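Data file: target.txt. Format and content: compact mmCIF, C-alpha atoms.
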```
# COMPACT_ATOMS: atom_id res chain seq x y z
CA MET A 284 -18.75 -2.58 -24.90
CA LEU A 285 -18.74 -2.25 -21.12
CA THR A 286 -22.04 -0.75 -20.04
CA GLY A 287 -20.56 0.36 -16.72
CA ALA A 288 -18.08 3.01 -17.76
CA VAL A 289 -14.48 2.80 -16.60
CA LYS A 290 -14.25 5.23 -13.67
CA ARG A 291 -10.54 6.04 -13.70
CA ILE A 292 -7.03 4.66 -13.61
CA ASP A 293 -7.00 3.08 -10.16
CA HIS A 294 -3.27 2.41 -10.03
CA VAL A 295 -0.15 1.70 -12.02
CA ALA A 296 1.95 -1.12 -10.60
CA VAL A 297 5.74 -1.09 -10.63
CA VAL A 298 7.75 -4.16 -9.68
CA VAL A 299 10.91 -3.45 -7.67
CA ARG A 300 13.52 -5.57 -5.96
CA SER A 301 13.38 -3.55 -2.75
CA LEU A 302 10.64 -1.24 -1.52
CA GLU A 303 13.12 0.62 0.64
CA ALA A 304 15.45 1.30 -2.27
CA ALA A 305 12.54 2.43 -4.46
CA LEU A 306 11.13 4.64 -1.71
CA ALA A 307 14.48 6.39 -1.47
CA PHE A 308 13.48 7.83 -4.85
CA TYR A 309 9.66 7.97 -4.82
CA ARG A 310 9.32 9.15 -1.22
CA ASP A 311 12.57 10.93 -0.44
CA THR A 312 13.21 12.56 -3.83
CA LEU A 313 9.75 12.94 -5.42
CA GLY A 314 8.03 13.53 -2.08
CA LEU A 315 5.28 10.91 -2.48
CA SER A 316 4.18 9.57 0.92
CA PRO A 317 3.08 5.95 1.15
CA SER A 318 -0.46 5.83 2.53
CA ARG A 319 0.14 2.25 3.63
CA VAL A 320 2.55 -0.64 3.20
CA LEU A 321 1.22 -4.16 3.49
CA ASN A 322 1.95 -7.76 2.69
CA PHE A 323 -0.40 -9.35 0.16
CA PRO A 324 0.57 -13.03 0.30
CA ALA A 325 -2.07 -14.13 -2.24
CA GLU A 326 0.04 -12.43 -4.94
CA GLY A 327 3.40 -13.00 -3.24
CA VAL A 328 4.14 -9.31 -2.79
CA LYS A 329 4.62 -6.51 -0.32
CA ILE A 330 2.94 -3.33 -1.58
CA ALA A 331 3.61 0.35 -0.93
CA PHE A 332 0.69 2.56 -2.04
CA LEU A 333 1.63 6.03 -3.27
CA PRO A 334 -1.53 8.11 -3.73
CA MET A 335 -1.56 11.34 -5.75
CA GLY A 336 -4.14 13.83 -6.87
CA GLY A 337 -6.39 13.80 -3.81
CA PRO A 338 -9.58 11.76 -3.47
CA GLY A 339 -10.29 9.99 -6.73
CA GLY A 340 -6.67 10.34 -7.83
CA SER A 341 -4.63 7.46 -9.19
CA GLU A 342 -1.88 5.69 -7.26
CA ILE A 343 1.47 4.18 -8.03
CA GLU A 344 1.83 0.81 -6.34
CA LEU A 345 5.34 -0.46 -5.72
CA LEU A 346 5.44 -4.27 -5.56
CA GLU A 347 8.31 -6.15 -3.93
CA PRO A 348 8.25 -9.94 -4.28
CA ILE A 349 8.10 -11.85 -0.99
CA ASP A 350 7.51 -15.27 -2.53
CA PRO A 351 10.40 -16.46 -4.75
CA ALA A 352 7.97 -18.75 -6.60
CA GLY A 353 5.38 -16.03 -7.23
CA SER A 354 4.66 -14.38 -10.55
CA VAL A 355 6.20 -11.06 -9.53
CA ALA A 356 9.47 -12.70 -8.51
CA ARG A 357 9.50 -14.50 -11.85
CA PHE A 358 8.76 -11.21 -13.65
CA ILE A 359 11.85 -9.61 -12.08
CA GLU A 360 14.05 -12.59 -12.94
CA LYS A 361 12.95 -12.41 -16.55
CA ARG A 362 12.54 -8.71 -17.21
CA GLY A 363 14.07 -6.85 -14.29
CA GLU A 364 12.39 -4.06 -12.37
CA GLY A 365 9.80 -1.88 -14.04
CA LEU A 366 6.24 -1.27 -15.10
CA HIS A 367 4.03 -4.29 -14.46
CA HIS A 368 0.35 -3.45 -15.05
CA ILE A 369 -2.32 -0.76 -15.24
CA CYS A 370 -5.48 -1.14 -13.18
CA LEU A 371 -8.75 0.53 -14.17
CA GLU A 372 -11.64 0.91 -11.74
CA VAL A 373 -15.05 -0.30 -12.87
CA PRO A 374 -18.35 -0.11 -11.01
CA ASP A 375 -19.34 -3.76 -11.41
CA ILE A 376 -16.66 -6.40 -11.93
CA ASP A 377 -19.07 -9.28 -12.48
CA ARG A 378 -20.84 -7.44 -15.26
CA ALA A 379 -17.50 -6.36 -16.73
CA LEU A 380 -16.32 -9.97 -16.77
CA ALA A 381 -19.44 -11.14 -18.58
CA GLU A 382 -19.25 -8.30 -21.10
CA LEU A 383 -15.53 -8.78 -21.75
CA ARG A 384 -16.08 -12.49 -22.41
CA ALA A 385 -18.97 -11.70 -24.74
CA ALA A 386 -16.67 -9.27 -26.60
CA GLY A 387 -14.02 -11.97 -27.01
CA ALA A 388 -11.45 -10.36 -24.69
CA VAL A 389 -8.78 -12.66 -23.28
CA VAL A 390 -9.57 -12.69 -19.57
CA LEU A 391 -7.05 -14.52 -17.39
CA ASP A 392 -9.45 -15.16 -14.50
CA GLU A 393 -12.38 -17.54 -14.43
CA ALA A 394 -13.98 -15.37 -11.76
CA PRO A 395 -12.98 -12.10 -10.07
CA ARG A 396 -10.11 -12.65 -7.64
CA PRO A 397 -9.55 -10.94 -4.28
CA THR A 398 -7.09 -8.07 -4.71
CA ALA A 399 -5.58 -5.52 -2.35
CA GLU A 400 -8.36 -3.08 -3.34
CA GLY A 401 -11.40 -5.29 -3.82
CA ARG A 402 -12.25 -7.81 -6.54
CA GLY A 403 -10.37 -7.81 -9.81
CA LEU A 404 -9.50 -9.61 -12.99
CA PHE A 405 -6.61 -9.50 -15.42
CA LEU A 406 -6.63 -9.27 -19.21
CA HIS A 407 -3.89 -10.87 -21.28
CA PRO A 408 -1.50 -8.40 -22.96
CA ARG A 409 -2.13 -9.88 -26.40
CA GLY A 410 -5.54 -8.23 -26.58
CA THR A 411 -4.61 -4.88 -25.00
CA GLY A 412 -1.68 -3.54 -27.01
CA GLY A 413 0.86 -5.42 -24.93
CA VAL A 414 -0.38 -4.26 -21.52
CA LEU A 415 -1.20 -6.51 -18.59
CA LEU A 416 -4.46 -4.80 -17.70
CA GLU A 417 -6.38 -5.23 -14.46
CA LEU A 418 -9.96 -4.18 -13.81
CA VAL A 419 -11.08 -3.76 -10.21
CA GLN A 420 -14.26 -3.09 -8.32
CA ARG A 421 -13.13 -1.43 -5.11
CA ASP A 422 -14.48 -2.50 -1.74
CA ASP A 423 -14.40 1.16 -0.69
CA ALA A 424 -16.06 2.52 -3.86
CA ALA A 425 -18.59 5.29 -3.42
CA PRO A 426 -22.08 3.91 -4.05
CA MET B 227 12.93 16.55 -2.20
CA LEU B 228 10.71 18.35 -4.68
CA THR B 229 9.27 21.43 -2.99
CA GLY B 230 6.44 21.61 -5.51
CA ALA B 231 4.43 18.49 -4.75
CA VAL B 232 3.59 16.06 -7.52
CA LYS B 233 0.00 16.86 -8.46
CA ARG B 234 -1.12 13.56 -9.98
CA ILE B 235 -0.42 10.88 -12.53
CA ASP B 236 -0.87 12.86 -15.73
CA HIS B 237 -0.82 9.88 -18.08
CA VAL B 238 0.46 6.38 -18.66
CA ALA B 239 1.87 5.82 -22.14
CA VAL B 240 1.40 2.58 -24.06
CA VAL B 241 3.28 1.92 -27.29
CA VAL B 242 1.26 0.10 -29.96
CA ARG B 243 1.86 -0.87 -33.57
CA SER B 244 -1.48 0.48 -34.72
CA LEU B 245 -3.76 2.99 -33.03
CA GLU B 246 -6.74 1.62 -34.89
CA ALA B 247 -6.07 -1.92 -33.73
CA ALA B 248 -5.56 -0.75 -30.13
CA LEU B 249 -8.70 1.41 -30.23
CA ALA B 250 -10.70 -1.64 -31.25
CA PHE B 251 -10.07 -2.74 -27.66
CA TYR B 252 -9.74 0.49 -25.65
CA ARG B 253 -12.56 2.34 -27.39
CA ASP B 254 -14.86 -0.35 -28.74
CA THR B 255 -14.56 -2.88 -25.89
CA LEU B 256 -13.67 -0.81 -22.80
CA GLY B 257 -15.68 2.21 -23.95
CA LEU B 258 -12.93 4.83 -23.55
CA SER B 259 -13.41 7.69 -26.01
CA PRO B 260 -10.32 9.41 -27.40
CA SER B 261 -10.51 13.12 -26.59
CA ARG B 262 -8.12 13.82 -29.44
CA VAL B 263 -5.73 12.07 -31.82
CA LEU B 264 -2.74 14.01 -33.09
CA ASN B 265 0.65 13.65 -34.70
CA PHE B 266 3.57 14.67 -32.51
CA PRO B 267 6.50 14.59 -34.93
CA ALA B 268 9.05 15.77 -32.35
CA GLU B 269 8.77 12.32 -30.71
CA GLY B 270 7.98 10.43 -33.92
CA VAL B 271 4.53 9.36 -32.77
CA LYS B 272 0.82 9.66 -33.36
CA ILE B 273 -1.03 9.88 -30.03
CA ALA B 274 -4.57 8.94 -28.99
CA PHE B 275 -5.53 10.47 -25.63
CA LEU B 276 -7.95 8.41 -23.53
CA PRO B 277 -9.09 10.48 -20.55
CA MET B 278 -10.80 8.93 -17.52
CA GLY B 279 -12.02 10.11 -14.14
CA GLY B 280 -13.30 13.51 -15.16
CA PRO B 281 -11.38 16.78 -14.77
CA GLY B 282 -8.12 16.09 -13.00
CA GLY B 283 -8.25 12.41 -13.91
CA SER B 284 -5.37 10.52 -15.47
CA GLU B 285 -5.18 9.47 -19.11
CA ILE B 286 -3.90 6.53 -21.04
CA GLU B 287 -1.97 7.69 -24.09
CA LEU B 288 -1.62 5.25 -26.96
CA LEU B 289 1.52 5.95 -29.01
CA GLU B 290 1.93 4.66 -32.56
CA PRO B 291 5.32 5.24 -34.17
CA ILE B 292 5.26 7.36 -37.34
CA ASP B 293 9.03 7.73 -37.66
CA PRO B 294 10.85 4.40 -38.21
CA ALA B 295 14.03 5.96 -36.80
CA GLY B 296 12.35 7.34 -33.66
CA SER B 297 12.77 5.99 -30.15
CA VAL B 298 9.24 4.59 -30.01
CA ALA B 299 9.71 2.63 -33.23
CA ARG B 300 12.96 1.27 -31.80
CA PHE B 301 11.19 0.39 -28.54
CA ILE B 302 8.65 -1.73 -30.44
CA GLU B 303 11.35 -3.47 -32.45
CA LYS B 304 13.21 -4.37 -29.28
CA ARG B 305 10.45 -5.06 -26.76
CA GLY B 306 7.19 -5.22 -28.66
CA GLU B 307 4.03 -3.37 -27.76
CA GLY B 308 3.37 -2.40 -24.17
CA LEU B 309 3.81 -0.01 -21.28
CA HIS B 310 6.30 2.73 -22.09
CA HIS B 311 6.33 5.39 -19.37
CA ILE B 312 4.47 7.06 -16.51
CA CYS B 313 4.10 10.84 -16.51
CA LEU B 314 3.57 12.83 -13.31
CA GLU B 315 2.34 16.41 -13.31
CA VAL B 316 4.36 18.96 -11.36
CA PRO B 317 3.61 22.66 -10.87
CA ASP B 318 7.06 23.97 -11.88
CA ILE B 319 9.23 21.92 -14.24
CA ASP B 320 12.26 24.21 -14.03
CA ARG B 321 12.34 24.00 -10.26
CA ALA B 322 11.78 20.24 -10.41
CA LEU B 323 14.73 19.88 -12.80
CA ALA B 324 17.02 21.85 -10.50
CA GLU B 325 15.91 19.92 -7.43
CA LEU B 326 16.20 16.52 -9.14
CA ARG B 327 19.73 17.34 -10.24
CA ALA B 328 20.61 18.48 -6.74
CA ALA B 329 19.24 15.17 -5.42
CA GLY B 330 21.43 13.21 -7.85
CA ALA B 331 18.56 11.89 -9.98
CA VAL B 332 19.48 10.74 -13.48
CA VAL B 333 17.67 13.27 -15.67
CA LEU B 334 17.80 12.54 -19.41
CA ASP B 335 17.14 16.14 -20.50
CA GLU B 336 19.45 19.10 -20.22
CA ALA B 337 16.43 21.38 -20.19
CA PRO B 338 12.68 20.77 -20.26
CA ARG B 339 11.54 19.64 -23.72
CA PRO B 340 8.30 20.52 -25.49
CA THR B 341 5.79 17.69 -25.04
CA ALA B 342 2.23 17.10 -26.19
CA GLU B 343 1.01 18.53 -22.84
CA GLY B 344 3.49 21.30 -22.05
CA ARG B 345 7.13 21.12 -20.96
CA GLY B 346 8.59 17.90 -19.65
CA LEU B 347 11.67 15.91 -18.77
CA PHE B 348 12.47 12.23 -18.51
CA LEU B 349 14.24 10.33 -15.75
CA HIS B 350 16.34 7.25 -16.52
CA PRO B 351 14.83 3.94 -15.36
CA ARG B 352 17.93 3.04 -13.37
CA GLY B 353 17.04 5.55 -10.67
CA THR B 354 13.28 4.92 -10.57
CA GLY B 355 12.84 1.19 -10.03
CA GLY B 356 13.06 0.42 -13.73
CA VAL B 357 10.45 2.96 -14.88
CA LEU B 358 10.94 5.51 -17.62
CA LEU B 359 9.42 8.41 -15.70
CA GLU B 360 8.34 11.72 -17.18
CA LEU B 361 7.53 14.88 -15.27
CA VAL B 362 5.45 17.54 -16.99
CA GLN B 363 4.29 21.07 -16.34
CA ARG B 364 1.08 21.39 -18.34
CA ASP B 365 0.40 24.40 -20.51
CA ASP B 366 -3.24 24.19 -19.47
CA ALA B 367 -2.56 23.78 -15.74
CA ALA B 368 -4.84 25.63 -13.36
CA PRO B 369 -2.93 28.54 -11.82
```

Rewrite the coordinates I just gave you, this time as structure tokens.
Amino acid sequence: MLTGAVKRIDHVAVVVRSLEAALAFYRDTLGLSPSRVLNFPAEGVKIAFLPMGGPGGSEIELLEPIDPAGSVARFIEKRGEGLHHICLEVPDIDRALAELRAAGAVVLDEAPRPTAEGRGLFLHPRGTGGVLLELVQRDDAAP
Amino acid sequence: MLTGAVKRIDHVAVVVRSLEAALAFYRDTLGLSPSRVLNFPAEGVKIAFLPMGGPGGSEIELLEPIDPAGSVARFIEKRGEGLHHICLEVPDIDRALAELRAAGAVVLDEAPRPTAEGRGLFLHPRGTGGVLLELVQRDDAAP
């Protein structure tokens, strides 16, 4: 078991064809204001961050593919728009990786990868009840 | 736009074939303790609630079908295990329903339905970037 407890749901990622079209609903109808919108070329996406619940709350991240060869573009081609992954915040991603491997979890990363929030890793859906699950240690985590 | 701001992500729902098999990962590997496990026959499911982040944090809900004719059983047959919906907490579900209708959102409920948390409604994925989206007013919400 992870000795560093999961802190919270960091974000839930939703893949969309167009951030602007999705924001017409999430921003203009639901009233969620993007805290930032940025390109994250390492994953081939442009991301709009929609925070809720104040400090420590969880976010929805809207992901629009910007690289037609990237995994998010391929996800849309295959499955259409929709829920992509859940990300949980952990205090120590290196320890989590070691403990997950020891527990036999199917980790998709050899080492933590740079993410938009810090350093993360992904777990294969076959060991998580069908969910692509990310764990992240945030660069801006409280000590 | 909703005049009562979305308070937070209330929960993210994951459909699984077996709660026990899923808990072998979520509880025994990740260390998330179910706060409760209950049958919710109105939706044909048994639910394990996995809270994180302390009071006001968001939960993962694991849903196991208990009614072979229910929508969650049909979801598994068609798509397999995995992410099912996101639920956002709102302060006033009746007002949200009226405002969503006025905004042209595709609401799947004529009136708020009883849910495991309070009173909720679902929005069709075609208006939300492919996400089955629930809004809920919790029975135990702070005033």

Moved chain B, fitted on chain A by every C-alpha in sequence order, as a PDB file with C-alpha atoms, keeping the file's coordinate frame:
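Below is the file part_34.pdb, written as the result:
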```pdb
ATOM      1  CA  MET B 227     -18.755  -2.571 -24.889  1.00  0.00           C
ATOM      2  CA  LEU B 228     -18.737  -2.252 -21.119  1.00  0.00           C
ATOM      3  CA  THR B 229     -22.051  -0.757 -20.024  1.00  0.00           C
ATOM      4  CA  GLY B 230     -20.567   0.358 -16.715  1.00  0.00           C
ATOM      5  CA  ALA B 231     -18.075   3.014 -17.758  1.00  0.00           C
ATOM      6  CA  VAL B 232     -14.484   2.797 -16.600  1.00  0.00           C
ATOM      7  CA  LYS B 233     -14.251   5.228 -13.693  1.00  0.00           C
ATOM      8  CA  ARG B 234     -10.535   6.030 -13.694  1.00  0.00           C
ATOM      9  CA  ILE B 235      -7.028   4.662 -13.609  1.00  0.00           C
ATOM     10  CA  ASP B 236      -7.001   3.089 -10.161  1.00  0.00           C
ATOM     11  CA  HIS B 237      -3.266   2.428 -10.028  1.00  0.00           C
ATOM     12  CA  VAL B 238      -0.150   1.698 -12.024  1.00  0.00           C
ATOM     13  CA  ALA B 239       1.955  -1.124 -10.603  1.00  0.00           C
ATOM     14  CA  VAL B 240       5.750  -1.083 -10.631  1.00  0.00           C
ATOM     15  CA  VAL B 241       7.754  -4.161  -9.677  1.00  0.00           C
ATOM     16  CA  VAL B 242      10.916  -3.440  -7.676  1.00  0.00           C
ATOM     17  CA  ARG B 243      13.532  -5.564  -5.950  1.00  0.00           C
ATOM     18  CA  SER B 244      13.377  -3.551  -2.753  1.00  0.00           C
ATOM     19  CA  LEU B 245      10.646  -1.239  -1.507  1.00  0.00           C
ATOM     20  CA  GLU B 246      13.122   0.616   0.648  1.00  0.00           C
ATOM     21  CA  ALA B 247      15.446   1.276  -2.266  1.00  0.00           C
ATOM     22  CA  ALA B 248      12.534   2.416  -4.459  1.00  0.00           C
ATOM     23  CA  LEU B 249      11.126   4.632  -1.694  1.00  0.00           C
ATOM     24  CA  ALA B 250      14.476   6.383  -1.466  1.00  0.00           C
ATOM     25  CA  PHE B 251      13.481   7.835  -4.841  1.00  0.00           C
ATOM     26  CA  TYR B 252       9.664   7.959  -4.809  1.00  0.00           C
ATOM     27  CA  ARG B 253       9.328   9.146  -1.220  1.00  0.00           C
ATOM     28  CA  ASP B 254      12.580  10.921  -0.427  1.00  0.00           C
ATOM     29  CA  THR B 255      13.218  12.548  -3.827  1.00  0.00           C
ATOM     30  CA  LEU B 256       9.761  12.948  -5.413  1.00  0.00           C
ATOM     31  CA  GLY B 257       8.032  13.525  -2.072  1.00  0.00           C
ATOM     32  CA  LEU B 258       5.277  10.910  -2.469  1.00  0.00           C
ATOM     33  CA  SER B 259       4.179   9.568   0.915  1.00  0.00           C
ATOM     34  CA  PRO B 260       3.072   5.941   1.144  1.00  0.00           C
ATOM     35  CA  SER B 261      -0.470   5.822   2.521  1.00  0.00           C
ATOM     36  CA  ARG B 262       0.125   2.250   3.622  1.00  0.00           C
ATOM     37  CA  VAL B 263       2.554  -0.637   3.178  1.00  0.00           C
ATOM     38  CA  LEU B 264       1.210  -4.161   3.484  1.00  0.00           C
ATOM     39  CA  ASN B 265       1.945  -7.770   2.678  1.00  0.00           C
ATOM     40  CA  PHE B 266      -0.397  -9.346   0.149  1.00  0.00           C
ATOM     41  CA  PRO B 267       0.573 -13.019   0.285  1.00  0.00           C
ATOM     42  CA  ALA B 268      -2.062 -14.117  -2.245  1.00  0.00           C
ATOM     43  CA  GLU B 269       0.050 -12.430  -4.959  1.00  0.00           C
ATOM     44  CA  GLY B 270       3.404 -13.007  -3.251  1.00  0.00           C
ATOM     45  CA  VAL B 271       4.127  -9.313  -2.804  1.00  0.00           C
ATOM     46  CA  LYS B 272       4.617  -6.514  -0.327  1.00  0.00           C
ATOM     47  CA  ILE B 273       2.930  -3.331  -1.585  1.00  0.00           C
ATOM     48  CA  ALA B 274       3.610   0.361  -0.950  1.00  0.00           C
ATOM     49  CA  PHE B 275       0.691   2.563  -2.037  1.00  0.00           C
ATOM     50  CA  LEU B 276       1.640   6.037  -3.276  1.00  0.00           C
ATOM     51  CA  PRO B 277      -1.519   8.104  -3.737  1.00  0.00           C
ATOM     52  CA  MET B 278      -1.566  11.345  -5.738  1.00  0.00           C
ATOM     53  CA  GLY B 279      -4.168  13.842  -6.879  1.00  0.00           C
ATOM     54  CA  GLY B 280      -6.373  13.795  -3.817  1.00  0.00           C
ATOM     55  CA  PRO B 281      -9.575  11.759  -3.455  1.00  0.00           C
ATOM     56  CA  GLY B 282     -10.291  10.000  -6.716  1.00  0.00           C
ATOM     57  CA  GLY B 283      -6.685  10.336  -7.843  1.00  0.00           C
ATOM     58  CA  SER B 284      -4.618   7.466  -9.181  1.00  0.00           C
ATOM     59  CA  GLU B 285      -1.870   5.689  -7.262  1.00  0.00           C
ATOM     60  CA  ILE B 286       1.469   4.186  -8.038  1.00  0.00           C
ATOM     61  CA  GLU B 287       1.831   0.820  -6.331  1.00  0.00           C
ATOM     62  CA  LEU B 288       5.341  -0.454  -5.722  1.00  0.00           C
ATOM     63  CA  LEU B 289       5.434  -4.264  -5.566  1.00  0.00           C
ATOM     64  CA  GLU B 290       8.312  -6.139  -3.943  1.00  0.00           C
ATOM     65  CA  PRO B 291       8.250  -9.920  -4.282  1.00  0.00           C
ATOM     66  CA  ILE B 292       8.096 -11.834  -0.987  1.00  0.00           C
ATOM     67  CA  ASP B 293       7.501 -15.259  -2.527  1.00  0.00           C
ATOM     68  CA  PRO B 294      10.393 -16.463  -4.737  1.00  0.00           C
ATOM     69  CA  ALA B 295       7.965 -18.747  -6.588  1.00  0.00           C
ATOM     70  CA  GLY B 296       5.372 -16.016  -7.224  1.00  0.00           C
ATOM     71  CA  SER B 297       4.654 -14.380 -10.560  1.00  0.00           C
ATOM     72  CA  VAL B 298       6.188 -11.059  -9.531  1.00  0.00           C
ATOM     73  CA  ALA B 299       9.458 -12.696  -8.502  1.00  0.00           C
ATOM     74  CA  ARG B 300       9.487 -14.492 -11.853  1.00  0.00           C
ATOM     75  CA  PHE B 301       8.760 -11.209 -13.650  1.00  0.00           C
ATOM     76  CA  ILE B 302      11.840  -9.609 -12.067  1.00  0.00           C
ATOM     77  CA  GLU B 303      14.033 -12.578 -12.924  1.00  0.00           C
ATOM     78  CA  LYS B 304      12.939 -12.415 -16.542  1.00  0.00           C
ATOM     79  CA  ARG B 305      12.550  -8.695 -17.218  1.00  0.00           C
ATOM     80  CA  GLY B 306      14.054  -6.844 -14.289  1.00  0.00           C
ATOM     81  CA  GLU B 307      12.395  -4.058 -12.365  1.00  0.00           C
ATOM     82  CA  GLY B 308       9.796  -1.893 -14.046  1.00  0.00           C
ATOM     83  CA  LEU B 309       6.225  -1.270 -15.102  1.00  0.00           C
ATOM     84  CA  HIS B 310       4.024  -4.288 -14.461  1.00  0.00           C
ATOM     85  CA  HIS B 311       0.360  -3.451 -15.052  1.00  0.00           C
ATOM     86  CA  ILE B 312      -2.313  -0.760 -15.256  1.00  0.00           C
ATOM     87  CA  CYS B 313      -5.475  -1.142 -13.187  1.00  0.00           C
ATOM     88  CA  LEU B 314      -8.752   0.532 -14.156  1.00  0.00           C
ATOM     89  CA  GLU B 315     -11.642   0.916 -11.742  1.00  0.00           C
ATOM     90  CA  VAL B 316     -15.052  -0.297 -12.878  1.00  0.00           C
ATOM     91  CA  PRO B 317     -18.354  -0.098 -10.994  1.00  0.00           C
ATOM     92  CA  ASP B 318     -19.352  -3.767 -11.420  1.00  0.00           C
ATOM     93  CA  ILE B 319     -16.652  -6.403 -11.913  1.00  0.00           C
ATOM     94  CA  ASP B 320     -19.062  -9.290 -12.486  1.00  0.00           C
ATOM     95  CA  ARG B 321     -20.840  -7.446 -15.261  1.00  0.00           C
ATOM     96  CA  ALA B 322     -17.508  -6.354 -16.736  1.00  0.00           C
ATOM     97  CA  LEU B 323     -16.318  -9.977 -16.771  1.00  0.00           C
ATOM     98  CA  ALA B 324     -19.448 -11.139 -18.579  1.00  0.00           C
ATOM     99  CA  GLU B 325     -19.265  -8.317 -21.106  1.00  0.00           C
ATOM    100  CA  LEU B 326     -15.533  -8.787 -21.752  1.00  0.00           C
ATOM    101  CA  ARG B 327     -16.079 -12.478 -22.400  1.00  0.00           C
ATOM    102  CA  ALA B 328     -18.957 -11.696 -24.730  1.00  0.00           C
ATOM    103  CA  ALA B 329     -16.670  -9.269 -26.588  1.00  0.00           C
ATOM    104  CA  GLY B 330     -14.012 -11.973 -26.997  1.00  0.00           C
ATOM    105  CA  ALA B 331     -11.452 -10.354 -24.686  1.00  0.00           C
ATOM    106  CA  VAL B 332      -8.779 -12.662 -23.291  1.00  0.00           C
ATOM    107  CA  VAL B 333      -9.579 -12.680 -19.572  1.00  0.00           C
ATOM    108  CA  LEU B 334      -7.043 -14.514 -17.393  1.00  0.00           C
ATOM    109  CA  ASP B 335      -9.455 -15.159 -14.504  1.00  0.00           C
ATOM    110  CA  GLU B 336     -12.384 -17.523 -14.421  1.00  0.00           C
ATOM    111  CA  ALA B 337     -13.975 -15.366 -11.749  1.00  0.00           C
ATOM    112  CA  PRO B 338     -12.977 -12.108 -10.067  1.00  0.00           C
ATOM    113  CA  ARG B 339     -10.097 -12.653  -7.627  1.00  0.00           C
ATOM    114  CA  PRO B 340      -9.545 -10.946  -4.282  1.00  0.00           C
ATOM    115  CA  THR B 341      -7.079  -8.073  -4.706  1.00  0.00           C
ATOM    116  CA  ALA B 342      -5.563  -5.517  -2.359  1.00  0.00           C
ATOM    117  CA  GLU B 343      -8.361  -3.081  -3.355  1.00  0.00           C
ATOM    118  CA  GLY B 344     -11.412  -5.301  -3.810  1.00  0.00           C
ATOM    119  CA  ARG B 345     -12.254  -7.814  -6.539  1.00  0.00           C
ATOM    120  CA  GLY B 346     -10.373  -7.809  -9.807  1.00  0.00           C
ATOM    121  CA  LEU B 347      -9.505  -9.617 -13.000  1.00  0.00           C
ATOM    122  CA  PHE B 348      -6.613  -9.490 -15.423  1.00  0.00           C
ATOM    123  CA  LEU B 349      -6.637  -9.270 -19.206  1.00  0.00           C
ATOM    124  CA  HIS B 350      -3.876 -10.867 -21.284  1.00  0.00           C
ATOM    125  CA  PRO B 351      -1.489  -8.401 -22.958  1.00  0.00           C
ATOM    126  CA  ARG B 352      -2.121  -9.876 -26.394  1.00  0.00           C
ATOM    127  CA  GLY B 353      -5.539  -8.242 -26.570  1.00  0.00           C
ATOM    128  CA  THR B 354      -4.610  -4.887 -25.012  1.00  0.00           C
ATOM    129  CA  GLY B 355      -1.674  -3.559 -27.014  1.00  0.00           C
ATOM    130  CA  GLY B 356       0.864  -5.443 -24.930  1.00  0.00           C
ATOM    131  CA  VAL B 357      -0.387  -4.268 -21.518  1.00  0.00           C
ATOM    132  CA  LEU B 358      -1.192  -6.514 -18.593  1.00  0.00           C
ATOM    133  CA  LEU B 359      -4.463  -4.804 -17.706  1.00  0.00           C
ATOM    134  CA  GLU B 360      -6.378  -5.232 -14.471  1.00  0.00           C
ATOM    135  CA  LEU B 361      -9.948  -4.178 -13.815  1.00  0.00           C
ATOM    136  CA  VAL B 362     -11.069  -3.758 -10.220  1.00  0.00           C
ATOM    137  CA  GLN B 363     -14.261  -3.100  -8.320  1.00  0.00           C
ATOM    138  CA  ARG B 364     -13.119  -1.430  -5.108  1.00  0.00           C
ATOM    139  CA  ASP B 365     -14.470  -2.485  -1.748  1.00  0.00           C
ATOM    140  CA  ASP B 366     -14.398   1.157  -0.698  1.00  0.00           C
ATOM    141  CA  ALA B 367     -16.057   2.509  -3.855  1.00  0.00           C
ATOM    142  CA  ALA B 368     -18.584   5.285  -3.418  1.00  0.00           C
ATOM    143  CA  PRO B 369     -22.074   3.895  -4.032  1.00  0.00           C
TER     144      PRO B 369
END
```

_For a quick check of understanding, using only C-alpha atoms, which of B:Arg352, B:Phe275, B:Glu285, B:Leu323 has the smallest distance to Ala305 (chain A)?_
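Using only C-alpha atoms, the shortest distance to Ala305 (chain A) belongs to B:Arg352.
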
Please check the contacts: residues of chain B at most 6 Å away from chain A, using all atoms listed in the file, listed as a PyMOL selection string. chain B and resi 227-228+233-234+242+248+254-257+278-279+307-309+355-357

Using all atoms listed in the file, which protein or nucleic acid residues come within 8 Å of Val355 (chain A)? Drop anything in the same chain fewer than 4 positions from it, and give the result as a list in words.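 With the cut-off at 8 Å, the set is Val298, Glu326, Gly327, Val328, Leu346, Glu347, Pro348 and Ile359 of chain A.
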
Taken to one decimal, the CA of Leu334 (chain B)-CA of Arg262 (chain B) distance is 27.8 Å
